[in-house]
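Single-structure report; data block below.
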Amino acid sequence: MEAVDVRGKFVWHQLMTRDVPGAKDFYSRLVGWKTMHWPLDPAYTVCHADAGPVAGIMQIPSDLPSEVPSHWLQYIGTRDVDSTAQAAVRAGGSIVKGPSDMQGAGRYAVLKDPQGAIFAIIDPENAKPEAAGVPPPLGAFSWHELATSDNEAAFAFYSGLFGWDAMERMDMGPLGVYLIFGEQGVQRGGIYIKPAENPGPPSWLPYAHVPNADEGYAVALSKGAKGTVPPMDVPKGGRIANVIDPAGASFAVHSMGAVPKAAPAAKPKAKAKPKPKAKAKPKNAAPAKKKSPVRKKVASRVAKAKRGLKKIVKSAMKKYRAAKKKSAPRKKSKSVRRKK
């Protein structure tokens with residue numbers, strides 16, 4: 001069986017948090033995921049969308065410093081984890097966790113780019129091919145955004161590792177240039193320069209596809225999240241909103257604006273001809289039945305025959321009366337004698 005092409009695709013997302021039970025409840029309500037224990041490791045939670053598993057939730061390991069906040073980690077696909085890790089180091093990045101095998105998942109490594117953003121790479125054991133030209137289903141991840149100190153340098157780094165293309169550079173005015181990247185004609189996300197007032201190092205932000213970003217934002221706030229970007233429209237349709245979950249991890253939701261199909265132009269209706277007013281019918285009169293063309297023709301012939309027969313009878317009666325009159329004996333007239 002031919003291996004699925006995973007290079008440069010975001011194939012997995014993992015939340016590392018200090019409150020697993022709270023995270024399970026929060027994201028189930030926000031995105032609609034169903035959470036289940038992973039059979040190979042009951043301590044690991046797998047989040048399922050309708051289309052299948054899309055993310056994992058795990059406790060931050062105890063050997064990490066206490067100041068490490070809860071965060072989302074993006075896994076980008078490659079078919080050669082070791083070579084990709086070495087290439088990242090040569091390009092100015094560093095290795096956080098060296099290449100390792102994980103049963104049931106694949107070979108992976110955790111890296112840091114030259115500007116300081118952490119990400120992971122993976123050669124997944126069970127990868128599904130993407131449906132061409134179809135937007136991500138609900139509950140899946142639809143966008144990935146990197147806030148960094150140098151967007152062009154960061155793009156050059158990732159492009160060298162994964163073959164990403166710069167698909168568009170949008171001038172955002174005071175916010176600078178928003179660089180949209182992708183591969184094989186598919187947009188994957190954007191890279192922009194992090195504003196100075198935003199605390200923390202450069203980092204990746206995942207966007208989950210939800211039915212309604214405004215409702216998702218309201219649900220997040222009601223569950224204890226902090227709003228960072230209230231619902232707003234984005235170019236080319238759709239709305240987004242950004243929050244920090246109750247444990248401190250940044251997250252975003254994205255509802256896509258569906259473009260309705262243009263309805264076919266309605267054909268102009270022909271103007272109805274005014275109907276002649278029907279003559280008033282006498283009360284209790286039975287409605288006249290419409291005759292079919294054949295019936296009309298037969299009725300016409302019958303009427304004609306009746307008229308002809310009437311003429312014949314009339315003529316015969318006339319001749320009969322004349323003949324009878326001729327043959328009748330004449331009465332003698334009585335003479336009147338006059339008196340002398």
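In the structure tokens, each chain is lettered A, B, ... as it comes, each chain's residues begin at 1, and ligands are numbered from 1 in order of appearance.
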Contacts of A:Ile118 at 8 Å or less, counting only C-alpha atoms, minus same-chain residues fewer than 5 places along, as a list of chain:residue names?
-> A:Leu73, A:Val110, A:Leu111, A:Lys112, A:Asp113, A:Ser203, A:Trp204
Non-local contacts of stretch 21-38 of chain A (7 Å; only C-alpha atoms; under 5 positions in same chain excluded) as a list in words | Ala43, Tyr44, Thr45, Val46, Cys47, His48, Ala49, Gly139, Val210, Gly216, Val219, Ala220 and Lys223 of chain A
Grab the residues selected above and save them as an mmCIF file, in the first residue's frame with C-alpha atoms.
data_model
loop_
_atom_site.group_PDB
_atom_site.id
_atom_site.type_symbol
_atom_site.label_atom_id
_atom_site.label_comp_id
_atom_site.auth_asym_id
_atom_site.auth_seq_id
_atom_site.Cartn_x
_atom_site.Cartn_y
_atom_site.Cartn_z
ATOM 1 C CA ALA A 43 -3.375 8.458 30.984
ATOM 2 C CA TYR A 44 -3.564 9.920 27.466
ATOM 3 C CA THR A 45 -6.911 11.360 26.276
ATOM 4 C CA VAL A 46 -7.870 11.281 22.599
ATOM 5 C CA CYS A 47 -10.340 13.877 21.275
ATOM 6 C CA HIS A 48 -12.681 12.662 18.556
ATOM 7 C CA ALA A 49 -14.573 14.776 16.033
ATOM 8 C CA GLY A 139 -14.175 19.616 14.931
ATOM 9 C CA VAL A 210 -16.734 25.162 14.777
ATOM 10 C CA GLY A 216 -18.026 29.285 20.747
ATOM 11 C CA VAL A 219 -19.207 29.266 25.671
ATOM 12 C CA ALA A 220 -15.456 29.627 26.316
ATOM 13 C CA LYS A 223 -16.416 28.134 31.183
#
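Residues lying within 10 Å of A:Ile122, counting only C-alpha atoms and ignoring same-chain neighbours fewer than 5 positions away, are A:Val6, A:Arg7, A:Phe10, A:Val11, A:Trp12, A:Gln74, A:Tyr75, A:Ile76, A:Gly77, A:Thr78, A:Arg79, A:Asp80, A:Val81, A:Asp82, A:Thr84, A:Pro99, A:Ser100, A:Asp101, A:Ala105, A:Gly106, A:Arg107, A:Tyr108, A:Ala109, A:Val110.
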Only N, CA, C and O atoms, please: the residues just picked out, written as a tab-separated table (two decimals), in the first residue's frame.
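For reference, part-v2.tsv as written:
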chain	number	residue	atom	x	y	z
A	6	VAL	N	2.47	13.02	3.79
A	6	VAL	CA	2.18	13.83	4.98
A	6	VAL	C	3.11	15.03	5.11
A	6	VAL	O	2.93	15.85	6.02
A	7	ARG	N	4.05	15.17	4.24
A	7	ARG	CA	5.06	16.23	4.38
A	7	ARG	C	4.40	17.62	4.39
A	7	ARG	O	3.64	17.97	3.50
A	10	PHE	N	-0.25	19.45	8.92
A	10	PHE	CA	-0.42	19.38	10.37
A	10	PHE	C	-1.28	18.14	10.67
A	10	PHE	O	-2.50	18.15	10.48
A	11	VAL	N	-0.60	17.07	11.11
A	11	VAL	CA	-1.29	15.79	11.21
A	11	VAL	C	-1.79	15.48	12.63
A	11	VAL	O	-2.59	14.56	12.81
A	12	TRP	N	-1.33	16.21	13.65
A	12	TRP	CA	-1.78	15.95	15.01
A	12	TRP	C	-1.62	17.19	15.86
A	12	TRP	O	-0.80	18.07	15.57
A	74	GLN	N	1.87	21.54	17.96
A	74	GLN	CA	1.48	21.10	16.61
A	74	GLN	C	2.48	20.07	16.09
A	74	GLN	O	3.69	20.28	16.18
A	75	TYR	N	1.98	19.00	15.50
A	75	TYR	CA	2.81	17.96	14.90
A	75	TYR	C	2.73	18.08	13.38
A	75	TYR	O	1.64	17.91	12.80
A	76	ILE	N	3.86	18.34	12.75
A	76	ILE	CA	3.92	18.51	11.29
A	76	ILE	C	4.52	17.24	10.69
A	76	ILE	O	5.52	16.71	11.18
A	77	GLY	N	3.91	16.77	9.60
A	77	GLY	CA	4.30	15.50	9.02
A	77	GLY	C	5.60	15.51	8.24
A	77	GLY	O	5.95	16.50	7.58
A	78	THR	N	6.34	14.41	8.33
A	78	THR	CA	7.55	14.16	7.54
A	78	THR	C	7.74	12.65	7.48
A	78	THR	O	7.35	11.94	8.41
A	79	ARG	N	8.30	12.16	6.40
A	79	ARG	CA	8.56	10.73	6.31
A	79	ARG	C	9.97	10.36	6.77
A	79	ARG	O	10.32	9.19	6.76
A	80	ASP	N	10.75	11.34	7.19
A	80	ASP	CA	12.10	11.06	7.71
A	80	ASP	C	12.35	12.01	8.89
A	80	ASP	O	12.86	13.13	8.71
A	81	VAL	N	11.96	11.57	10.07
A	81	VAL	CA	12.06	12.40	11.27
A	81	VAL	C	13.51	12.76	11.58
A	81	VAL	O	13.84	13.92	11.87
A	82	ASP	N	14.41	11.79	11.49
A	82	ASP	CA	15.82	12.04	11.85
A	82	ASP	C	16.46	13.07	10.92
A	82	ASP	O	17.13	14.01	11.39
A	84	THR	N	14.94	15.32	9.07
A	84	THR	CA	14.29	16.63	9.24
A	84	THR	C	14.80	17.32	10.49
A	84	THR	O	15.03	18.55	10.49
A	99	PRO	N	14.59	12.36	18.25
A	99	PRO	CA	13.72	11.37	17.61
A	99	PRO	C	13.50	10.14	18.47
A	99	PRO	O	14.45	9.55	19.00
A	100	SER	N	12.23	9.76	18.60
A	100	SER	CA	11.85	8.61	19.41
A	100	SER	C	10.66	7.91	18.75
A	100	SER	O	9.91	8.52	17.99
A	101	ASP	N	10.49	6.64	19.09
A	101	ASP	CA	9.35	5.88	18.58
A	101	ASP	C	8.28	5.80	19.66
A	101	ASP	O	8.59	5.59	20.84
A	105	ALA	N	1.67	5.32	17.42
A	105	ALA	CA	1.64	6.69	16.91
A	105	ALA	C	2.65	6.90	15.79
A	105	ALA	O	2.33	7.46	14.74
A	106	GLY	N	3.90	6.48	15.99
A	106	GLY	CA	4.92	6.67	14.97
A	106	GLY	C	6.19	7.24	15.57
A	106	GLY	O	6.35	7.31	16.79
A	107	ARG	N	7.10	7.64	14.71
A	107	ARG	CA	8.37	8.23	15.15
A	107	ARG	C	8.21	9.75	15.16
A	107	ARG	O	7.66	10.33	14.23
A	108	TYR	N	8.71	10.40	16.22
A	108	TYR	CA	8.50	11.84	16.35
A	108	TYR	C	9.71	12.49	17.02
A	108	TYR	O	10.60	11.83	17.56
A	109	ALA	N	9.70	13.84	16.99
A	109	ALA	CA	10.71	14.64	17.68
A	109	ALA	C	10.09	16.00	17.98
A	109	ALA	O	9.16	16.44	17.29
A	110	VAL	N	10.60	16.67	19.01
A	110	VAL	CA	10.13	18.02	19.35
A	110	VAL	C	11.28	18.99	19.10
A	110	VAL	O	12.41	18.78	19.57
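For stretch 91-133 of chain A, a DSSP pass over the backbone yields strand (DSSP E or B) at Ser94, Ile95, Val96, Lys97, Gly98, Pro99, Ser100, Asp101, Met102, Gly106, Arg107, Tyr108, Ala109, Val110, Leu111, Lys112, Ile118, Phe119, Ala120, Ile121, Ile122, Asp123 and Pro124 of chain A.
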Selection above as a file: N, CA and C atoms, as a PDB file, in the first residue's frame:
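Output saved as selection11.pdb:
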ATOM      1  N   SER A  94      16.750  24.077  17.003  1.00  0.00           N
ATOM      2  CA  SER A  94      17.357  23.213  18.025  1.00  0.00           C
ATOM      3  C   SER A  94      16.403  22.061  18.345  1.00  0.00           C
ATOM      4  N   ILE A  95      16.944  21.032  18.979  1.00  0.00           N
ATOM      5  CA  ILE A  95      16.159  19.853  19.318  1.00  0.00           C
ATOM      6  C   ILE A  95      15.774  19.893  20.802  1.00  0.00           C
ATOM      7  N   VAL A  96      14.480  19.832  21.078  1.00  0.00           N
ATOM      8  CA  VAL A  96      13.980  19.804  22.461  1.00  0.00           C
ATOM      9  C   VAL A  96      13.900  18.370  22.949  1.00  0.00           C
ATOM     10  N   LYS A  97      13.392  17.494  22.103  1.00  0.00           N
ATOM     11  CA  LYS A  97      13.339  16.062  22.400  1.00  0.00           C
ATOM     12  C   LYS A  97      13.741  15.309  21.135  1.00  0.00           C
ATOM     13  N   GLY A  98      14.782  14.522  21.229  1.00  0.00           N
ATOM     14  CA  GLY A  98      15.306  13.827  20.065  1.00  0.00           C
ATOM     15  C   GLY A  98      14.353  12.788  19.501  1.00  0.00           C
ATOM     16  N   PRO A  99      14.590  12.357  18.254  1.00  0.00           N
ATOM     17  CA  PRO A  99      13.721  11.372  17.610  1.00  0.00           C
ATOM     18  C   PRO A  99      13.500  10.135  18.468  1.00  0.00           C
ATOM     19  N   SER A 100      12.233   9.763  18.603  1.00  0.00           N
ATOM     20  CA  SER A 100      11.848   8.605  19.408  1.00  0.00           C
ATOM     21  C   SER A 100      10.664   7.910  18.752  1.00  0.00           C
ATOM     22  N   ASP A 101      10.490   6.645  19.087  1.00  0.00           N
ATOM     23  CA  ASP A 101       9.349   5.879  18.578  1.00  0.00           C
ATOM     24  C   ASP A 101       8.279   5.795  19.661  1.00  0.00           C
ATOM     25  N   MET A 102       7.030   5.949  19.244  1.00  0.00           N
ATOM     26  CA  MET A 102       5.912   5.803  20.158  1.00  0.00           C
ATOM     27  C   MET A 102       4.962   4.765  19.583  1.00  0.00           C
ATOM     28  N   GLY A 106       3.897   6.485  15.987  1.00  0.00           N
ATOM     29  CA  GLY A 106       4.921   6.672  14.970  1.00  0.00           C
ATOM     30  C   GLY A 106       6.190   7.240  15.568  1.00  0.00           C
ATOM     31  N   ARG A 107       7.096   7.641  14.715  1.00  0.00           N
ATOM     32  CA  ARG A 107       8.367   8.235  15.153  1.00  0.00           C
ATOM     33  C   ARG A 107       8.205   9.752  15.163  1.00  0.00           C
ATOM     34  N   TYR A 108       8.709  10.402  16.220  1.00  0.00           N
ATOM     35  CA  TYR A 108       8.503  11.843  16.347  1.00  0.00           C
ATOM     36  C   TYR A 108       9.708  12.494  17.021  1.00  0.00           C
ATOM     37  N   ALA A 109       9.698  13.843  16.992  1.00  0.00           N
ATOM     38  CA  ALA A 109      10.713  14.643  17.684  1.00  0.00           C
ATOM     39  C   ALA A 109      10.094  16.000  17.982  1.00  0.00           C
ATOM     40  N   VAL A 110      10.600  16.674  19.013  1.00  0.00           N
ATOM     41  CA  VAL A 110      10.130  18.019  19.354  1.00  0.00           C
ATOM     42  C   VAL A 110      11.280  18.990  19.096  1.00  0.00           C
ATOM     43  N   LEU A 111      10.968  20.050  18.338  1.00  0.00           N
ATOM     44  CA  LEU A 111      12.008  21.001  17.905  1.00  0.00           C
ATOM     45  C   LEU A 111      11.640  22.426  18.296  1.00  0.00           C
ATOM     46  N   LYS A 112      12.617  23.303  18.152  1.00  0.00           N
ATOM     47  CA  LYS A 112      12.394  24.743  18.364  1.00  0.00           C
ATOM     48  C   LYS A 112      12.968  25.475  17.165  1.00  0.00           C
ATOM     49  N   ILE A 118       8.125  26.483  19.560  1.00  0.00           N
ATOM     50  CA  ILE A 118       8.264  25.027  19.683  1.00  0.00           C
ATOM     51  C   ILE A 118       7.218  24.334  18.813  1.00  0.00           C
ATOM     52  N   PHE A 119       7.637  23.265  18.144  1.00  0.00           N
ATOM     53  CA  PHE A 119       6.732  22.459  17.315  1.00  0.00           C
ATOM     54  C   PHE A 119       7.257  21.036  17.302  1.00  0.00           C
ATOM     55  N   ALA A 120       6.480  20.116  16.790  1.00  0.00           N
ATOM     56  CA  ALA A 120       6.897  18.719  16.720  1.00  0.00           C
ATOM     57  C   ALA A 120       6.814  18.231  15.288  1.00  0.00           C
ATOM     58  N   ILE A 121       7.574  17.198  14.986  1.00  0.00           N
ATOM     59  CA  ILE A 121       7.504  16.542  13.684  1.00  0.00           C
ATOM     60  C   ILE A 121       7.183  15.067  13.924  1.00  0.00           C
ATOM     61  N   ILE A 122       6.513  14.440  12.961  1.00  0.00           N
ATOM     62  CA  ILE A 122       6.115  13.055  13.157  1.00  0.00           C
ATOM     63  C   ILE A 122       5.985  12.322  11.823  1.00  0.00           C
ATOM     64  N   ASP A 123       6.352  11.057  11.867  1.00  0.00           N
ATOM     65  CA  ASP A 123       6.095  10.138  10.752  1.00  0.00           C
ATOM     66  C   ASP A 123       4.981   9.219  11.264  1.00  0.00           C
ATOM     67  N   PRO A 124       3.726   9.564  11.012  1.00  0.00           N
ATOM     68  CA  PRO A 124       2.612   8.845  11.634  1.00  0.00           C
ATOM     69  C   PRO A 124       2.425   7.433  11.088  1.00  0.00           C
TER      70      PRO A 124
END
Skip A:Pro114 itself and residues of its chain fewer than 6 positions away, then list as a count of residues only all residues within 9 Å of it, counting only C-alpha atoms.
-> 9
Show which residues sit within 12 Å of A:Ala132, as a compact mmCIF listing (two decimals) with all heavy atoms, in the first residue's frame. Count only C-alpha atoms, and ignore same-chain residues fewer than 2 positions away.
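The resulting file, around.txt, is shown below:
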# COMPACT_ATOMS: atom_id res chain seq x y z
N PRO A 129 -5.43 10.05 3.87
CA PRO A 129 -5.24 11.06 2.82
C PRO A 129 -6.29 12.17 2.94
O PRO A 129 -7.42 11.92 3.39
CB PRO A 129 -5.42 10.26 1.52
CG PRO A 129 -6.24 9.08 1.91
CD PRO A 129 -5.85 8.75 3.31
N GLU A 130 -5.90 13.37 2.56
CA GLU A 130 -6.84 14.49 2.60
C GLU A 130 -7.79 14.42 1.41
O GLU A 130 -7.42 13.97 0.33
CB GLU A 130 -6.07 15.82 2.53
CG GLU A 130 -5.35 16.19 3.80
CD GLU A 130 -4.73 17.57 3.70
OE1 GLU A 130 -4.62 18.09 2.57
OE2 GLU A 130 -4.36 18.14 4.74
N VAL A 134 -11.82 19.87 -0.36
CA VAL A 134 -12.87 19.84 0.65
C VAL A 134 -12.38 20.53 1.92
O VAL A 134 -11.30 20.19 2.42
CB VAL A 134 -13.29 18.38 0.98
CG1 VAL A 134 -14.35 18.36 2.07
CG2 VAL A 134 -13.78 17.69 -0.28
N PRO A 135 -13.12 21.50 2.46
CA PRO A 135 -12.66 22.17 3.69
C PRO A 135 -12.66 21.20 4.86
O PRO A 135 -13.37 20.19 4.85
CB PRO A 135 -13.70 23.29 3.89
CG PRO A 135 -14.90 22.85 3.13
CD PRO A 135 -14.39 22.07 1.96
N PRO A 136 -11.85 21.48 5.90
CA PRO A 136 -11.80 20.60 7.06
C PRO A 136 -13.19 20.43 7.68
O PRO A 136 -13.96 21.39 7.77
CB PRO A 136 -10.86 21.33 8.01
CG PRO A 136 -10.05 22.23 7.14
CD PRO A 136 -10.96 22.65 6.03
N GLN A 184 1.01 22.63 -2.35
CA GLN A 184 0.15 21.98 -3.34
C GLN A 184 -1.17 22.72 -3.52
O GLN A 184 -2.23 22.13 -3.69
CB GLN A 184 -0.11 20.52 -2.94
CG GLN A 184 1.16 19.68 -2.91
CD GLN A 184 0.92 18.25 -2.50
OE1 GLN A 184 -0.20 17.83 -2.25
NE2 GLN A 184 1.99 17.47 -2.42
N GLY A 185 -1.07 24.05 -3.46
CA GLY A 185 -2.26 24.88 -3.69
C GLY A 185 -3.21 24.99 -2.52
O GLY A 185 -4.24 25.65 -2.63
N VAL A 186 -2.89 24.38 -1.38
CA VAL A 186 -3.77 24.41 -0.20
C VAL A 186 -3.18 25.33 0.86
O VAL A 186 -2.03 25.14 1.27
CB VAL A 186 -3.97 23.00 0.39
CG1 VAL A 186 -4.86 23.06 1.63
CG2 VAL A 186 -4.55 22.06 -0.65
